[in-house]
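**Student:** Once you've had a glance at the structure underneath, I'll fire off some questions.
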Amino acid sequence: MNFRFQNLLGAPYRGGNAVIVNNTELISPVGNRVSVTNLRDSETITLPIQSSSNITRLAASPDGVFLLTVDEKHRCLFINLRRRVVLHRISFKSAVAAVKFSPDGGYIAVATGKLVQIWRSPGFKKEFFPFELVKTFADCDDKVTALEWSPDSVYVLAGSKDLTARIFCMKKFKLGGVKIKPFMFLGHRDTVVGVFFGVDKNAGKVSRVYTVARDGYMFVWGLSGDDEEVPSPETPERDGEGNVEGDGSVVVKKRKGFEGNDGELNKEGGYLINRKWELLKKESFGQASMKVTACDYHRGLDMLVVGFSKGVFALYQMPDFVCIHRLSISREKITTAVFNELGNWLTFGCAKLGQLLVWEWRSESYILKQQGHYFDVNCVAYSPDSQLLATGADDNKVKVWNVSSGFCFVTFSEHENAITALHFLANKNTLLSASLDGTVRAWDFFRYRNFKTYTTAEPRQFVSLTATQSGEVICAGTLDTFEIFVWDMRTGNLKDILSGHEGPVHGLAFSPTDANVLASSSWDRTVRLWDVFESKGGVETFPHTHDVLTVVYRPDGKQLACSTLEGHIHFWDPIDGVLMYTIEGRRDISGGRLMTDRRTAANSSSGKFFTTLCYSADGSYILAGGSSKYICMYDVADQVLLRKFQITHNLSLDGVLDFLNSKNMTDAGPLDLIDNDDSDIEEGIDKQTRGKLGYDLPGSMPNRGRPVVRTKCLKIAPTGRSFSAATTEGVLVYSIDDSFIFDPTDLDMDVTPEGVDAALNEEQVTKALILSLRLNEDSLIKKCIFAVNSIDIPMVASSIPNRYLERLIEVFAHLLEKCPHLEFILKWCQEICKAHGNSIQQNSQKLKPALISLQKAITRTHQDLANTCDSNECTLRYLCSKTSIENP
């Protein structure tokens with residue numbers, strides 16, 4: 001039961017900047033988590049790290065090892081990307097608008113309020129005070145909005161809301177005994193949103209500065225004056241150049257012809273102090289009606305990309321200001337724009353659409369166009385082989401994800417209202433979806449289309465869905481008329497309407513062993529069993545004292561579980577019609593106080609019930625979730641709580657804290673719910689719009705758009721190795737940890753790794769394999785498997801005890817996905833099935849998760865080989881045709 005967080009699917013990009021490391025890894029914030037997308041391998045993972053609230057700023061070290069995240073509460077995490085662990089934490093006093101690593105990775109520049117702080121970058125070594133504040137620049141008159149480092153990590157360029165940009169130097173300099181003040185770039189009429197250093201490629205020196213303002217104007221600044229240089233501060237003792245004062249600053253003698261009070265760094269580290277910055281040109285992006293919302297500069301290519309408030313972006317070649325591309329990607333503003341290291345890919349983010357795009361500007365094609373569900377995910381469904389996961393949400397879309405890669409490869413948008421239920425048929429190529437728009441649709445995974453639509457004579461709102469294992473009959477429950485509609489899958493004809501419930505039918509399930517029996521749960525406090533084929537009306541009714549919210553069958557069909565409004569889970573024997581036992585889960589699921597609650601979490605009765613249940617593949621435990629931050633796992637046989645999963649620690653959601661701070665309570669209500677944003681400025685308008693969007697609907701809770709944490713659907717994969725939860729933040733995927741776990745019940749003094757190696761040295765491979773299975777160490781088991789000769793596989797396979805079959809099958813399933821020795825592993829699988837076929841059949845229920853994992857791996861390998869063979873066949877045909885044409 002060692003489930004751990006694996007991935008987050010369906011969660012949209014909500015804002016903040018994105019960064020690219022190692023040229024192909026796109027890192028973006030997703031709520032209070034961080035998503036890493038490998039653009040080369042088309043894989044997405046979410047780091048198992050949570051911030052205390054939604055992440056607003058990211059920065060990555062130049063070598064791609066460290067990641068810095070800053071959230072809405074000004075709390076910062078310093079993360080090791082390779083190990084996926086938090087190394088250090090720190091909190092800033094004001095909101096952070098920008099954060100940047102220096103090019104050498106030794107410093108971090110942070111724009112916090114009106115200050116620019118320079119911190120020494122921590123490392124792998126654990127320290128008592130890892131973050132050391134090196135320097136603070138407090139010359140800006142308003143909030144700092146943009147930062148940029150010089151190539152040699154000595155100068156910092158900062159843009160501000162006071163319509164200026166400034167150059168700050170990391171070293172102390174005095175000119176004639178007077179401290180040199182930071183140079184100011186003046187002339188803008190709006191907030192400076194981007195500042196960049198331009199480098200002369202021939203001389204290797206910083207020669208230009210670009211400043212971009214929100215009103216759509218860009219200033220190009222250049223240096224004028226002599227090229228006379230003085231040494232760097234590392235060598236101040238040279239005669240005639242300067243001397244070191246007591247405070248460590250370098251005093252530089254004034255030279256003839258000096259016209260400015262700033263210095264600029266060249267490639268060697270010297271300072272050009274006798275030159276003056278001057279405005280070379282003033283350019284307009286030609287979009288007076290649009291504001292500049294994001295920009296980035298690639299120093300190697302000398303190219304600038306600019307994103308606007310209406311979804312348009314433009315790419316310019318600098319310093320000539322030649323427009324290469326100008327395209328529209330949406331109607332909403334672009335919130336982030338960034339180059340990759342080579343400069344061939346551009347990444348754009350649109351927070352209002354929840355979308356991230358990666359565009360290759362040379363070929364004018366999309367590398368990535370990924371978008372999650374913008375509104376809450378209501379339902380999930382696994383394919384029979386556990387390779388695919390379908391999700392349905394309030395945005396009227398059905399998305400299908402590849403579980404292993406985390407990528408969405410198809411989106412169905414034909415529904416006109418929220419998706420409420422999903423169901424995969426046994427052939428894994430057909431998906432059913434039910435919606436509040438009054439339709440049930442069938443989707444084909446061969447052509448990716450809606451091939452059948454099931455409707456009723458009068459519009460109904462469907463909230464539950466199921467089908468027989470053969471896929472011949474489809475049933476859907478309604479919200480408004482309390483009926484169950486039965487269709488023929490092949491013809492689409494409505495066969496029957498089951499009436500009898502007096503409340504919405506929120507749960508439907510066919511018996512796994514008897515295709516005639518349908519179980520339904522309703523808010524009328526009953527669970528009914530129907531004989532769909534033989535007779536009309538309910539066969540049997542199981543009464544309850546409270547509303548029944550959902551119903552599920554155990555995989556063997558010998559038990560029925562349902563949850564009620566009082567917070568109990570009732571287990572029924574569907575054959576004898578008797579109540580077997582009850583689990584009281586009110587105390588287990590309770591937790592989290594809403595901002596609008598008048599009572600504490602312990603005394604409140606709201607949300608203390610389960611709205612979704614799911615049995616494990618072998619039926620030994622059951623998962624339960626509801627309007628709470630917890631998912632509960634119960635042992636079915638003993639009716640005990642095994643484990644509680646807290647789905648999030650994000651304080652930006654409502655219902656995460658158990659105790660609210662009394663100092664935030666006023667006569668007008670909680671301070672967090674009081675709207676104090678300045679609506680006259682653009683940031684205030686955007687924040688209000690984003691807060692209201694999707695949450696101020698009729699019937700929603702009056703919490704000013706603050707999302708409430710909840711779990712709407714739970715599904716366990718047929719392999720039993722993972723489960724998914726549709727939550728407020730997206731679809732959380734948990735899997736069994738692959739790390740080594742000792743099981744000491746079958747160990748003695750001789751069962752050691754040294755004993756395994758000794759048996760292998762003596763060529764006793766059967767003994768070595770059994771010893772490694774008793775140790776249950778993955779690396780040793782694989783080592784012993786590959787030590788067996790191909791001709792000895794039948795003999796060794798027949799010698800394996802039956803109790804180790806499950807573990808061995810799991811190892812083969814893992815090897816098929818990672819190991820290149822395909823024929824060798826398949827021969828092992830064949831011989832295991834031959835030698836232990838009867839035992840596998842007798843213990844099929846126990847071995848079912850492992851067998852499904854093996855089937856999943858074989859199916860995926862078969863598909864990859866089939867695609868490769870088809871491609872090679874077409875290539876060979878083409879080559880043969882070319883040969884016949886050239887040599888008739």
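A note on labels: chains of the structure tokens are A, B, ... as shown, every chain counts residues from 1, and ligands are counted from 1 in their shown order.
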Determine which residues of region 287-504 of chain A DSSP labels as strand (DSSP E) from the backbone of this structure, then write them out as a ChimeraX atom specification.
**Tutor:** /A:292-298,303-308,312-317,322-328,336-339,345-350,355-360,365-371,377-382,388-393,398-402,407-412,419-424,430-435,440-444,449-454,462-467,473-478,484-488,494-498
**Student:** I want to know what sits within 9 Å of region 522-534 of chain A, based on only C-alpha atoms, with residues of the same chain fewer than 6 positions away left out; could you give that as a list in words?
**Tutor:**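 Final neighbour list, sorted by chain and number: Phe482, Val486, Asp496, Leu498, His501, Glu502, Gly503, Pro504, Val505, His506, Gly507, Ala515, Asn516, Glu540, Thr541, Phe542, Pro543, His544, Thr545, His546, Asp547, Val548, Leu549, Thr550, Val551, Cys562, Thr564, Leu565 and Pro574 of chain A.
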**Student:** Within 9 Å of Leu805 (chain A), counting only C-alpha atoms, which residues show up once you throw out same-chain ones fewer than 6 positions away? Write them as a PyMOL selection string, please.
**Tutor:** chain A and resi 832+836+840+847
**Student:** With only C-alpha atoms as the counted atoms, please give the residues lying no more than 12 Å from region 38-41 of chain A, apart from itself and same-chain residues fewer than 4 positions off, as a PyMOL selection string.
**Tutor:** chain A and resi 20-28+45-46+340+345-347+357-360+366-370+404-407
**Student:** Region 48-55 of chain A: which residues within 6 Å, counting only C-alpha atoms, same-chain residues fewer than 5 positions away excluded, as a PyMOL selection string?
**Tutor:** chain A and resi 29+31-33+70-72+650-652
**Student:** Would you put the residues from that selection into a file with N, CA, C and O atoms, as a tab-separated table (two decimals), in the first residue's frame?
**Tutor:**
```
chain	number	residue	atom	x	y	z
A	29	PRO	N	5.10	26.55	-13.62
A	29	PRO	CA	4.33	26.37	-12.37
A	29	PRO	C	2.92	25.86	-12.67
A	29	PRO	O	2.28	26.27	-13.64
A	31	GLY	N	-0.19	25.56	-10.19
A	31	GLY	CA	-0.67	25.74	-8.83
A	31	GLY	C	0.50	25.91	-7.88
A	31	GLY	O	1.36	26.78	-8.07
A	32	ASN	N	0.56	25.07	-6.87
A	32	ASN	CA	1.69	25.12	-5.92
A	32	ASN	C	2.73	24.04	-6.23
A	32	ASN	O	3.57	23.75	-5.40
A	33	ARG	N	2.65	23.47	-7.42
A	33	ARG	CA	3.62	22.45	-7.84
A	33	ARG	C	4.36	22.94	-9.08
A	33	ARG	O	4.04	23.97	-9.67
A	70	VAL	N	9.17	30.80	-6.06
A	70	VAL	CA	8.64	31.78	-5.12
A	70	VAL	C	7.13	31.79	-5.27
A	70	VAL	O	6.61	31.84	-6.39
A	71	ASP	N	6.41	31.71	-4.15
A	71	ASP	CA	4.95	31.64	-4.20
A	71	ASP	C	4.32	32.97	-3.81
A	71	ASP	O	5.01	33.97	-3.59
A	72	GLU	N	2.98	32.95	-3.73
A	72	GLU	CA	2.23	34.18	-3.45
A	72	GLU	C	2.50	34.71	-2.05
A	72	GLU	O	2.32	35.90	-1.78
A	650	ASN	N	-1.81	23.33	-0.42
A	650	ASN	CA	-1.88	24.65	-1.04
A	650	ASN	C	-2.82	25.56	-0.26
A	650	ASN	O	-4.04	25.36	-0.26
A	651	LEU	N	-2.27	26.57	0.39
A	651	LEU	CA	-3.09	27.48	1.18
A	651	LEU	C	-3.87	28.46	0.31
A	651	LEU	O	-4.68	29.22	0.83
A	652	SER	N	-3.63	28.46	-1.00
A	652	SER	CA	-4.44	29.28	-1.90
A	652	SER	C	-5.83	28.68	-2.09
A	652	SER	O	-6.72	29.36	-2.62
```
**Student:** Would you list the contacts of His325 (chain A) as a list in words, taking every protein, DNA or RNA residue within 8 Å and counting only C-alpha atoms, but skipping same-chain residues closer than 5 positions in sequence?
**Tutor:**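 Listed by chain and then number, they are Ala314, Leu315, Tyr316 and Trp361 of chain A.
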**Student:** Name the residues in contact with Tyr297 (chain A) at a cut-off of 8 Å, using only C-alpha atoms, excluding same-chain residues fewer than 3 positions from it; report them as a PyMOL selection string.
**Tutor:** chain A and resi 196+302-305+338-339
**Student:** In Å to one decimal, how far is CA of Asn378 (chain A) from CA of Gly492 (chain A)?
**Tutor:**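 We find that CA of Gly492 (chain A) and CA of Asn378 (chain A) lie 25.4 Å from each other.
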**Student:** Extract the full set of alpha helix (DSSP H) residues from region 693-875 of chain A according to DSSP on the backbone, and format it as a VMD selection string.
**Tutor:** chain A and resid 753 to 761 765 to 775 778 to 787 793 to 798 805 to 818 822 to 835 837 to 842 844 to 875
**Student:** Counting only C-alpha atoms, figure out which residue out of A:Tyr210, A:Phe812, A:Phe101, A:Phe78 gets nearest to Ser61 (chain A).
**Tutor:** A:Phe101
**Student:** Measuring atom to atom with only C-alpha atoms, identify which of A:Asp488, A:Asp618, A:Asp514, A:Asp588 is nearest to Pro555 (chain A).
**Tutor:** A:Asp618
